[in-house]
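S.K.: Contents of protein.pdb (PDB, C-alpha atoms) are given next:
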```pdb
MODEL        1
ATOM      1  CA  ASN J1224       0.497   5.255  -4.742  1.00  0.00           C
ATOM      2  CA  LEU J1225      -1.826   2.563  -3.475  1.00  0.00           C
ATOM      3  CA  SER J1226      -1.273   3.713   0.101  1.00  0.00           C
ATOM      4  CA  GLU J1227      -3.069   6.984  -0.679  1.00  0.00           C
ATOM      5  CA  VAL J1228      -5.932   5.111  -2.321  1.00  0.00           C
ATOM      6  CA  ILE J1229      -6.280   2.869   0.741  1.00  0.00           C
ATOM      7  CA  LYS J1230      -6.373   5.898   3.060  1.00  0.00           C
ATOM      8  CA  GLU J1231      -9.030   7.529   0.937  1.00  0.00           C
ATOM      9  CA  GLN J1232     -11.187   4.446   0.501  1.00  0.00           C
ATOM     10  CA  LEU J1233     -11.053   3.120   4.065  1.00  0.00           C
ATOM     11  CA  GLY J1234     -11.150   6.580   5.634  1.00  0.00           C
ATOM     12  CA  ARG J1235     -14.076   7.889   3.602  1.00  0.00           C
ATOM     13  CA  GLY J1236     -16.878   8.935   5.921  1.00  0.00           C
ATOM     14  CA  GLN J1237     -14.888   8.201   9.079  1.00  0.00           C
ATOM     15  CA  PRO J1238     -14.375  10.752  11.868  1.00  0.00           C
ATOM     16  CA  ALA J1239     -11.128  12.747  11.731  1.00  0.00           C
ATOM     17  CA  ASP J1240      -9.500  10.811  14.581  1.00  0.00           C
ATOM     18  CA  VAL J1241     -10.229   7.491  12.871  1.00  0.00           C
ATOM     19  CA  GLN J1242      -8.819   8.824   9.594  1.00  0.00           C
ATOM     20  CA  ALA J1243      -5.696  10.005  11.431  1.00  0.00           C
ATOM     21  CA  GLY J1244      -5.225   6.569  12.995  1.00  0.00           C
ATOM     22  CA  LEU J1245      -5.660   4.902   9.635  1.00  0.00           C
ATOM     23  CA  SER J1246      -3.128   7.266   8.065  1.00  0.00           C
ATOM     24  CA  LYS J1247      -0.620   6.439  10.784  1.00  0.00           C
ATOM     25  CA  ILE J1248      -1.013   2.698  10.152  1.00  0.00           C
ATOM     26  CA  VAL J1249      -0.762   3.025   6.363  1.00  0.00           C
ATOM     27  CA  ASP J1250       2.221   5.374   6.637  1.00  0.00           C
ATOM     28  CA  SER J1251       3.977   2.846   8.883  1.00  0.00           C
ATOM     29  CA  LEU J1252       3.347   0.073   6.372  1.00  0.00           C
ATOM     30  CA  ARG J1253       4.573   2.281   3.536  1.00  0.00           C
ATOM     31  CA  ALA J1254       7.761   2.854   5.546  1.00  0.00           C
ATOM     32  CA  GLY J1255       8.166  -0.925   5.790  1.00  0.00           C
ATOM     33  CA  GLN J1256       7.098  -1.219   9.436  1.00  0.00           C
ATOM     34  CA  THR J1257       4.422  -3.658  10.553  1.00  0.00           C
ATOM     35  CA  VAL J1258       1.737  -2.531  13.012  1.00  0.00           C
ATOM     36  CA  LYS J1259       0.706  -4.596  16.027  1.00  0.00           C
ATOM     37  CA  ASN J1260      -2.525  -2.925  17.101  1.00  0.00           C
ATOM     38  CA  VAL J1261      -4.913  -2.529  14.195  1.00  0.00           C
ATOM     39  CA  PRO J1262      -8.394  -1.282  15.144  1.00  0.00           C
ATOM     40  CA  LEU J1263     -11.182  -3.778  14.580  1.00  0.00           C
ATOM     41  CA  LEU J1264     -12.701  -1.442  11.986  1.00  0.00           C
ATOM     42  CA  PHE J1265      -9.684  -1.990   9.679  1.00  0.00           C
ATOM     43  CA  TYR J1266      -8.514  -5.359  10.965  1.00  0.00           C
ATOM     44  CA  ASN J1267      -9.835  -7.492   8.127  1.00  0.00           C
ATOM     45  CA  PHE J1268      -8.026  -5.370   5.570  1.00  0.00           C
ATOM     46  CA  LEU J1269      -4.846  -4.544   7.507  1.00  0.00           C
ATOM     47  CA  ARG J1270      -4.497  -7.609   9.729  1.00  0.00           C
ATOM     48  CA  PRO J1271      -0.959  -8.782  10.511  1.00  0.00           C
ATOM     49  CA  GLU J1272      -1.084 -11.608   7.949  1.00  0.00           C
ATOM     50  CA  MET J1273      -1.694  -9.060   5.173  1.00  0.00           C
ATOM     51  CA  GLN J1274       0.769  -6.387   6.233  1.00  0.00           C
ATOM     52  CA  ARG J1275       3.762  -7.767   4.292  1.00  0.00           C
ATOM     53  CA  VAL J1276       1.608  -7.792   1.157  1.00  0.00           C
ATOM     54  CA  TRP J1277       0.711  -4.124   1.692  1.00  0.00           C
ATOM     55  CA  ILE J1278       4.317  -3.205   2.480  1.00  0.00           C
ATOM     56  CA  ASN J1279       5.336  -4.743  -0.827  1.00  0.00           C
ATOM     57  CA  GLN J1280       2.526  -3.106  -2.794  1.00  0.00           C
ATOM     58  CA  PHE J1281       3.152   0.335  -1.315  1.00  0.00           C
ATOM     59  CA  ARG J1282       6.715   0.263  -2.697  1.00  0.00           C
ATOM     60  CA  PHE J1283       5.398   0.848  -6.207  1.00  0.00           C
ATOM     61  CA  ASP J1284       3.978   3.954  -7.823  1.00  0.00           C
ATOM     62  CA  PRO J1285       1.938   3.019 -10.914  1.00  0.00           C
ATOM     63  CA  THR J1286       2.787   6.231 -12.756  1.00  0.00           C
ATOM     64  CA  VAL J1287       6.520   5.702 -12.233  1.00  0.00           C
ATOM     65  CA  GLU J1288       6.241   2.074 -13.328  1.00  0.00           C
ATOM     66  CA  LEU J1289       4.279   3.070 -16.443  1.00  0.00           C
ATOM     67  CA  LYS J1290       6.930   5.582 -17.419  1.00  0.00           C
ATOM     68  CA  ARG J1291       9.578   2.855 -17.144  1.00  0.00           C
ATOM     69  CA  TYR J1292       7.642   0.299 -19.152  1.00  0.00           C
ATOM     70  CA  ILE J1293       8.442   0.401 -22.866  1.00  0.00           C
ATOM     71  CA  GLY J1294       5.637  -1.788 -24.244  1.00  0.00           C
ATOM     72  CA  PRO J1295       2.097  -0.850 -25.245  1.00  0.00           C
ATOM     73  CA  VAL J1296      -0.322   0.135 -22.475  1.00  0.00           C
ATOM     74  CA  LEU J1297      -4.097  -0.224 -22.291  1.00  0.00           C
ATOM     75  CA  ILE J1298      -5.873   1.529 -19.407  1.00  0.00           C
ATOM     76  CA  ILE J1299      -9.434   0.379 -18.741  1.00  0.00           C
ATOM     77  CA  GLN J1300     -11.777   2.391 -16.534  1.00  0.00           C
ATOM     78  CA  GLY J1301     -15.354   1.693 -15.546  1.00  0.00           C
ATOM     79  CA  ARG J1302     -17.580   4.729 -15.302  1.00  0.00           C
ATOM     80  CA  HIS J1303     -19.517   3.083 -12.442  1.00  0.00           C
ATOM     81  CA  ASP J1304     -16.397   2.302 -10.426  1.00  0.00           C
ATOM     82  CA  ILE J1305     -16.785   3.870  -7.009  1.00  0.00           C
ATOM     83  CA  GLN J1306     -13.382   2.677  -5.774  1.00  0.00           C
ATOM     84  CA  VAL J1307     -11.077   3.846  -8.562  1.00  0.00           C
ATOM     85  CA  LYS J1308     -11.912   7.247  -9.967  1.00  0.00           C
ATOM     86  CA  GLU J1309     -11.724   8.371 -13.565  1.00  0.00           C
ATOM     87  CA  THR J1310      -9.108  10.884 -12.443  1.00  0.00           C
ATOM     88  CA  ASP J1311      -6.919   7.924 -11.422  1.00  0.00           C
ATOM     89  CA  ALA J1312      -7.125   6.512 -14.943  1.00  0.00           C
ATOM     90  CA  GLU J1313      -6.417   9.957 -16.351  1.00  0.00           C
ATOM     91  CA  GLY J1314      -3.343  10.196 -14.109  1.00  0.00           C
ATOM     92  CA  LEU J1315      -2.066   6.944 -15.583  1.00  0.00           C
ATOM     93  CA  LYS J1316      -2.746   8.265 -19.068  1.00  0.00           C
ATOM     94  CA  ALA J1317      -0.807  11.444 -18.246  1.00  0.00           C
ATOM     95  CA  ALA J1318       2.142   9.293 -17.215  1.00  0.00           C
ATOM     96  CA  ARG J1319       1.976   7.496 -20.559  1.00  0.00           C
ATOM     97  CA  PRO J1320       0.417   9.782 -23.191  1.00  0.00           C
ATOM     98  CA  ASP J1321       0.848   7.060 -25.813  1.00  0.00           C
ATOM     99  CA  ALA J1322      -1.357   4.649 -23.814  1.00  0.00           C
ATOM    100  CA  GLN J1323      -4.858   3.868 -24.924  1.00  0.00           C
ATOM    101  CA  LEU J1324      -7.517   4.799 -22.347  1.00  0.00           C
ATOM    102  CA  VAL J1325     -10.880   3.093 -22.726  1.00  0.00           C
ATOM    103  CA  TYR J1326     -13.948   3.877 -20.621  1.00  0.00           C
ATOM    104  CA  PHE J1327     -16.722   1.331 -20.162  1.00  0.00           C
ATOM    105  CA  PRO J1328     -19.962   3.142 -19.296  1.00  0.00           C
ATOM    106  CA  GLU J1329     -21.630   0.300 -17.366  1.00  0.00           C
ATOM    107  CA  MET J1330     -18.561  -1.262 -15.722  1.00  0.00           C
ATOM    108  CA  SER J1331     -17.918  -1.129 -11.974  1.00  0.00           C
ATOM    109  CA  HIS J1332     -14.836  -2.088  -9.957  1.00  0.00           C
ATOM    110  CA  LEU J1333     -15.935  -5.720 -10.213  1.00  0.00           C
ATOM    111  CA  MET J1334     -16.368  -5.419 -13.958  1.00  0.00           C
TER     112      MET J1334
ENDMDL
END
```
What is this structure when it is put down as structure tokens?
M.R.:
Amino acid sequence: NLSEVIKEQLGRGQPADVQAGLSKIVDSLRAGQTVKNVPLLFYNFLRPEMQRVWINQFRFDPTVELKRYIGPVLIIQGRHDIQVKETDAEGLKAARPDAQLVYFPEMSHLM
């Protein structure tokens, strides 16, 4: 779920108390509850204007959605992507063994 990715990416390298605060905010959004006091460190990403977007996005689990989808699936993963790991792409592939997984050696998150 994207909520776990957000916790990992924004919390990486942060002290434990900051990570715990971030988790609390993301968990609230995943539960459909907006958060009034977002620390400045995360404000740009989790500001009130964006919270409904995150609430909506956190409702979906890509692996569940892939299993439901009946059409062909192409999963593209950049080997230089520091935001989305190869294990994430492999998790999608596991959800849809018939999908084609293609790695691009020089591609990052921004392509």
S.K.: Please evaluate the PyMOL selection byres ((chain J and resi 1228) around 12) against the structure above and give the resulting residues as a PyMOL selection string.
M.R.: chain J and resi 1224-1227+1229-1235+1245-1246+1249+1280-1281+1284-1285+1305-1308+1311
S.K.: If I take atom CA of J:Val1258 and atom CA of J:Arg1270, how far is one from the other in Å, to one decimal?
M.R.: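 Result for atom CA of J:Val1258 versus atom CA of J:Arg1270: 8.7 Å, one decimal.
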S.K.: Kindly resolve the PyMOL selection byres ((chain J and resi 1319) around 12) on the present coordinates and return the residues as an NGL selection string.
M.R.: :J and (1285-1298 or 1312-1318 or 1320-1324)
S.K.: For the selection just defined, write its residues with C-alpha atoms to a file, as an mmCIF file, in the coordinates of the input.
M.R.:
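As a result, result-v2.cif now contains:
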```
data_model
loop_
_atom_site.group_PDB
_atom_site.id
_atom_site.type_symbol
_atom_site.label_atom_id
_atom_site.label_comp_id
_atom_site.auth_asym_id
_atom_site.auth_seq_id
_atom_site.Cartn_x
_atom_site.Cartn_y
_atom_site.Cartn_z
ATOM 1 C CA PRO J 1285 1.938 3.019 -10.914
ATOM 2 C CA THR J 1286 2.787 6.231 -12.756
ATOM 3 C CA VAL J 1287 6.520 5.702 -12.233
ATOM 4 C CA GLU J 1288 6.241 2.074 -13.328
ATOM 5 C CA LEU J 1289 4.279 3.070 -16.443
ATOM 6 C CA LYS J 1290 6.930 5.582 -17.419
ATOM 7 C CA ARG J 1291 9.578 2.855 -17.144
ATOM 8 C CA TYR J 1292 7.642 0.299 -19.152
ATOM 9 C CA ILE J 1293 8.442 0.401 -22.866
ATOM 10 C CA GLY J 1294 5.637 -1.788 -24.244
ATOM 11 C CA PRO J 1295 2.097 -0.850 -25.245
ATOM 12 C CA VAL J 1296 -0.322 0.135 -22.475
ATOM 13 C CA LEU J 1297 -4.097 -0.224 -22.291
ATOM 14 C CA ILE J 1298 -5.873 1.529 -19.407
ATOM 15 C CA ALA J 1312 -7.125 6.512 -14.943
ATOM 16 C CA GLU J 1313 -6.417 9.957 -16.351
ATOM 17 C CA GLY J 1314 -3.343 10.196 -14.109
ATOM 18 C CA LEU J 1315 -2.066 6.944 -15.583
ATOM 19 C CA LYS J 1316 -2.746 8.265 -19.068
ATOM 20 C CA ALA J 1317 -0.807 11.444 -18.246
ATOM 21 C CA ALA J 1318 2.142 9.293 -17.215
ATOM 22 C CA PRO J 1320 0.417 9.782 -23.191
ATOM 23 C CA ASP J 1321 0.848 7.060 -25.813
ATOM 24 C CA ALA J 1322 -1.357 4.649 -23.814
ATOM 25 C CA GLN J 1323 -4.858 3.868 -24.924
ATOM 26 C CA LEU J 1324 -7.517 4.799 -22.347
#
```
S.K.: I'd like to see the residues matched by the PyMOL selection byres ((chain J and resi 1253) around 8) on this file, and ideally I'd get them as a list of chain:residue names.
M.R.: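 Applied to this file, the PyMOL selection byres ((chain J and resi 1253) around 8) selects J:Ser1226, J:Val1249, J:Asp1250, J:Ser1251, J:Leu1252, J:Ala1254, J:Gly1255, J:Gln1256, J:Trp1277, J:Ile1278, J:Phe1281, J:Arg1282.
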S.K.: Keeping C-alpha atoms for every residue in the selection just given, could you write it to a file as a compact mmCIF listing (two decimals), keeping the file's coordinate frame?
M.R.:
```txt
# COMPACT_ATOMS: atom_id res chain seq x y z
CA SER J 1226 -1.27 3.71 0.10
CA VAL J 1249 -0.76 3.02 6.36
CA ASP J 1250 2.22 5.37 6.64
CA SER J 1251 3.98 2.85 8.88
CA LEU J 1252 3.35 0.07 6.37
CA ALA J 1254 7.76 2.85 5.55
CA GLY J 1255 8.17 -0.92 5.79
CA GLN J 1256 7.10 -1.22 9.44
CA TRP J 1277 0.71 -4.12 1.69
CA ILE J 1278 4.32 -3.20 2.48
CA PHE J 1281 3.15 0.34 -1.32
CA ARG J 1282 6.72 0.26 -2.70
```
S.K.: What separation in Å, quoted to one decimal, exists between atom CA of J:Arg1275 and atom CA of J:Gln1242?
M.R.: 21.5 Å
S.K.: Could you work out how far atom CA of J:His1303 lies from atom CA of J:Asp1240, giving the answer in Å with one decimal?
M.R.: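 Computing the Euclidean distance for atom CA of J:Asp1240 and atom CA of J:His1303 yields 29.8 Å.
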S.K.: Find, counting all atoms listed in the file, the residue in J:Ala1243, J:Arg1302, J:Gln1237, J:Glu1309 that gets nearest to J:Pro1328.
M.R.: J:Arg1302
S.K.: If we count all atoms listed in the file, what is near J:Pro1271 at a cut-off of 9 Å, once residues fewer than 6 positions away on the same chain are taken out, given as a PyMOL selection string?
M.R.: chain J and resi 1257-1261
S.K.: May I have the selected residues written with C-alpha atoms, as a PDB file, in the coordinates of the input?
M.R.:
```pdb
ATOM      1  CA  THR J1257       4.422  -3.658  10.553  1.00  0.00           C
ATOM      2  CA  VAL J1258       1.737  -2.531  13.012  1.00  0.00           C
ATOM      3  CA  LYS J1259       0.706  -4.596  16.027  1.00  0.00           C
ATOM      4  CA  ASN J1260      -2.525  -2.925  17.101  1.00  0.00           C
ATOM      5  CA  VAL J1261      -4.913  -2.529  14.195  1.00  0.00           C
TER       6      VAL J1261
END
```
S.K.: Mind working out the centre and edge lengths of an axis-aligned box for stretch 1310-1325 of chain J, all listed atoms inside, 4 Å added to each side, rounded to one decimal in Å and written as lines of an AutoDock Vina configuration file?
M.R.:
```
center_x = -4.4
center_y = 7.3
center_z = -18.6
size_x = 21.0
size_y = 16.4
size_z = 22.4
```
S.K.: From the set J:Asn1279, J:Thr1310, J:Gln1300, J:Asn1267, which residue has the shortest atom-to-atom contact distance to J:Phe1327, counting only C-alpha atoms?
M.R.: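 Ranked by minimum distance to J:Phe1327, first place goes to J:Gln1300.
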S.K.: Of the candidates J:Glu1272, J:Pro1262, J:Asp1304, J:Ser1331, which shows the shortest atom-to-atom distance to J:Lys1247, using only C-alpha atoms?
M.R.: J:Pro1262
